[in-house]
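Colleague: Can you read through this structure? Questions will come right after.
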Amino acid sequence: MDDADAADDTADEPTEEAESLQELVNYLTPRRDNETMATYQNTTSIACPACGKPFDYLVVCKQDQTSLSLSNVMDLCVSADHDGRPFLFTHE
């Protein structure tokens with residue numbers, strides 16, 4: 001098998017980062033869940049995978065187009081799973 005075949009075989013596999021995002025949700029406290037998004041609170045100061053600082057909430061978008069209304073000014077970090085769903089990490 002050459003390098004091109006190896007690359008094709010791994011293209012369909014979930015990435016390690018995407019798997020870790022799904023696993024991360026298991027350690028968070030669920031707060032809100034509906035057809036467009038799910039929100040989880042970080043009650044144990046887990047580090048954000050994007051910046052390494054503890055985040056406050058994780059917002060998982062379930063649809064291609066989702067609108068967010070933010071009541072506070074906050075920093076956001078973004079990552080995506082293997083399906084391209086955005087994971088938003090809030091820092092208040």
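Note on naming: chains are A, B, ... as they come in the structure tokens, residues start from 1 per chain, ligands start from 1 in the order shown.
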Could you pull out the strand (DSSP E) residues of chain A, going by DSSP on the backbone, and write them as a list in words?
Modeller: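 Matching residues, listed in order: Thr29, Pro30, Arg31, Arg32, Asp33, Met37, Ala38, Thr39, Tyr40, Gln41, Tyr57, Leu58, Val59, Val60, Cys61, Asp75, Leu76, Cys77, Val78, Ser79, Ala80, Pro86, Phe87, Leu88, Phe89, Thr90 and His91 of chain A.
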Colleague: Write out as a ChimeraX atom specification each polymer residue whose atoms come within 10 Å of range 77-80 of chain A, counting only C-alpha atoms; drop sequence neighbours fewer than 2 positions from it.
Modeller: /A:17-18,21,48-51,55,58-61,75,82-91
Colleague: Just the residues within 8 Å of Thr43 in chain A, please, counting only C-alpha atoms, with nothing from its chain fewer than 3 positions along; format it as a list of chain:residue names.
Modeller: A:Leu28, A:Thr29, A:Ile46, A:Asp56
